[in-house]
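Beneath this line is the structure, given in C-alpha cells, with notes to follow.
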Amino acid sequence: MIGVSSRAEEAEADASPQDIARRVADGDTGAFEALFRLLSERVFRYVRGMTGEESTAHDITQDTFVRLWSARTRLADVENIEAYVFQTARRLVYNRTRDERVRRENEALLRPDDLDAQPAAPDDEVDSGLLRDLLDGWIDDLPERQREALTLRRVEGMSHDTIADVMGISKNTVNTHIMRAMDTLRDRLHEHRPDLMHRS
C-alpha cells in the first residue's frame, strides 16, 4: 500500500473530508496522506467484501488512491468526497471482475470440462465459526447489487443517501436491495438452522 508519512499526523484533526479534498486538489501531499488515513481501511473492507480476496482488495485500494492523486485537480468540485472515493474503488472492482470473467471464459475454451469434480459434503456439526463461514458464503451468493448495498450499509455503516451516491441509484432502491438481501439471508438461515429463528 501507499506509504503514509508523519506529515499526515500534522493535518488538522477537525478538518472535514471536504476541506481535506480541497487541499488535495491544490497538491497538498500532507492532505492526501490524511485522506488516505481517513478512508483507506474502509475502502479496503468494502473491496474485500466485494471480491472476497485480501490481496485483490489491497491492490484495488492502492490503485484507488493512486488514481485520486493523478486526478486530484478534479477534487475541488467534488461535493461528497467519501462517495467519490468509493465510486472510484467500485469502478476498479467492476473492471477487475470483468477482466477476470473474460480470462476464465477464455481458459474454459482451452480445457475439457472437469467431470471428476464432486460437490463438497455437508457437515452436520455446525459451530459458530462454520455458521459464520456459511453466512459469508450466502452473502457472496447474493445478487451483486444486493451484496454491494448490504456491504456498504453493514460493514461501512454508510447512510442510504451516501450508498445511493456510490451506487448511482435512488435511496428507495438502496432500501429495496438491503431488505431483499436480509430476507434472503434470513431464509437461508431458517433453512439451515430453524432452531435459531423464531418466526410467528
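By convention here, the chains of the C-alpha cells are called A, B, ... in the order presented, each chain's residues are numbered starting at 1, and ligands are numbered starting at 1 in the order presented.
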
Give me, as a ChimeraX atom specification, all polymer residues having an atom no more than 7 Å from segment 71-76 of chain A, counting only C-alpha atoms and skipping those fewer than 3 positions away in the same chain. /A:21-22,24-26,67-68

Keeping only C-alpha atoms, write the selected residues as a tab-separated table (two decimals), in the first residue's frame.
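For reference, selection.tsv as written:
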```tsv
chain	number	residue	atom	x	y	z
A	21	ALA	CA	-10.17	17.10	-0.51
A	22	ARG	CA	-9.86	20.76	-1.48
A	24	VAL	CA	-5.51	17.67	-2.08
A	25	ALA	CA	-6.80	19.40	-5.21
A	26	ASP	CA	-4.19	22.12	-4.56
A	67	ARG	CA	-5.94	7.43	-9.31
A	68	LEU	CA	-7.24	10.00	-6.85
```

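Among the candidate residues A:Gly137, A:Phe32, A:Glu82, A:Glu41, the one lying nearest to Val66 of chain A is A:Phe32, with distances computed using only C-alpha atoms.
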
Which distance in Å separates atom CA of Gly27 of chain A and atom CA of Tyr84 of chain A, to one decimal? 17.8 Å

Could you pull the residues within 8 Å of Val93 of chain A, counting only C-alpha atoms, minus those fewer than 4 positions along the same chain, as an mmCIF file with all heavy atoms, in the first residue's frame?
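Final output, part_6.cif:
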```
data_model
loop_
_atom_site.group_PDB
_atom_site.id
_atom_site.type_symbol
_atom_site.label_atom_id
_atom_site.label_comp_id
_atom_site.auth_asym_id
_atom_site.auth_seq_id
_atom_site.Cartn_x
_atom_site.Cartn_y
_atom_site.Cartn_z
ATOM 1 N N VAL A 47 -13.895 -3.296 -0.628
ATOM 2 C CA VAL A 47 -13.417 -4.066 -1.778
ATOM 3 C C VAL A 47 -13.275 -5.538 -1.417
ATOM 4 O O VAL A 47 -13.626 -6.418 -2.208
ATOM 5 C CB VAL A 47 -12.077 -3.496 -2.294
ATOM 6 C CG1 VAL A 47 -11.531 -4.366 -3.418
ATOM 7 C CG2 VAL A 47 -12.260 -2.067 -2.775
ATOM 8 N N MET A 50 -16.530 -7.119 -1.593
ATOM 9 C CA MET A 50 -16.997 -7.291 -2.962
ATOM 10 C C MET A 50 -16.254 -8.397 -3.697
ATOM 11 O O MET A 50 -16.830 -9.104 -4.519
ATOM 12 C CB MET A 50 -16.846 -5.975 -3.734
ATOM 13 C CG MET A 50 -17.777 -4.875 -3.268
ATOM 14 S SD MET A 50 -19.523 -5.280 -3.550
ATOM 15 C CE MET A 50 -19.568 -5.244 -5.343
ATOM 16 N N THR A 51 -14.972 -8.563 -3.411
ATOM 17 C CA THR A 51 -14.163 -9.524 -4.163
ATOM 18 C C THR A 51 -13.878 -10.809 -3.398
ATOM 19 O O THR A 51 -13.603 -11.838 -4.011
ATOM 20 C CB THR A 51 -12.808 -8.903 -4.557
ATOM 21 O OG1 THR A 51 -12.045 -8.630 -3.366
ATOM 22 C CG2 THR A 51 -13.019 -7.610 -5.341
ATOM 23 N N ILE A 60 -6.511 -3.053 -5.221
ATOM 24 C CA ILE A 60 -7.517 -2.098 -5.694
ATOM 25 C C ILE A 60 -7.554 -0.866 -4.799
ATOM 26 O O ILE A 60 -7.748 0.259 -5.280
ATOM 27 C CB ILE A 60 -8.897 -2.771 -5.791
ATOM 28 C CG1 ILE A 60 -8.883 -3.796 -6.938
ATOM 29 C CG2 ILE A 60 -10.008 -1.739 -6.007
ATOM 30 C CD1 ILE A 60 -10.185 -4.554 -7.117
ATOM 31 N N ALA A 89 -13.264 3.237 -6.307
ATOM 32 C CA ALA A 89 -12.967 1.846 -5.965
ATOM 33 C C ALA A 89 -13.955 0.897 -6.630
ATOM 34 O O ALA A 89 -13.573 -0.174 -7.123
ATOM 35 C CB ALA A 89 -13.006 1.669 -4.442
ATOM 36 N N THR A 97 -13.414 -7.476 -12.050
ATOM 37 C CA THR A 97 -14.340 -8.602 -12.176
ATOM 38 C C THR A 97 -14.582 -8.946 -13.640
ATOM 39 O O THR A 97 -14.597 -10.117 -14.027
ATOM 40 C CB THR A 97 -15.680 -8.262 -11.497
ATOM 41 O OG1 THR A 97 -15.446 -7.973 -10.111
ATOM 42 C CG2 THR A 97 -16.658 -9.418 -11.606
#
```

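Using only C-alpha atoms, the shortest contact distance between Asp141 of chain A and any of A:Ala164, A:Met179, A:Leu185, A:Ile81 is found at A:Leu185.
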
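The neighbours of segment 144-151 of chain A here are the residues that come within 6 Å of it, using only C-alpha atoms and leaving out any residue fewer than 4 positions away in the same chain; they are Val155, His177, Ile178 and Ala181 of chain A.
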
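Going from atom CA of Arg23 of chain A over to atom CA of Phe36 of chain A, you cover 13.1 Å.
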
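Here atom CA of Val43 of chain A is placed at a distance of 29.3 Å from atom CA of Asp187 of chain A.
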
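Of the residues listed (A:Ser55, A:Ser159, A:Asn95, A:Thr88), A:Ser159 shows the shortest atom-to-atom separation from Asn175 of chain A; distances use only C-alpha atoms.
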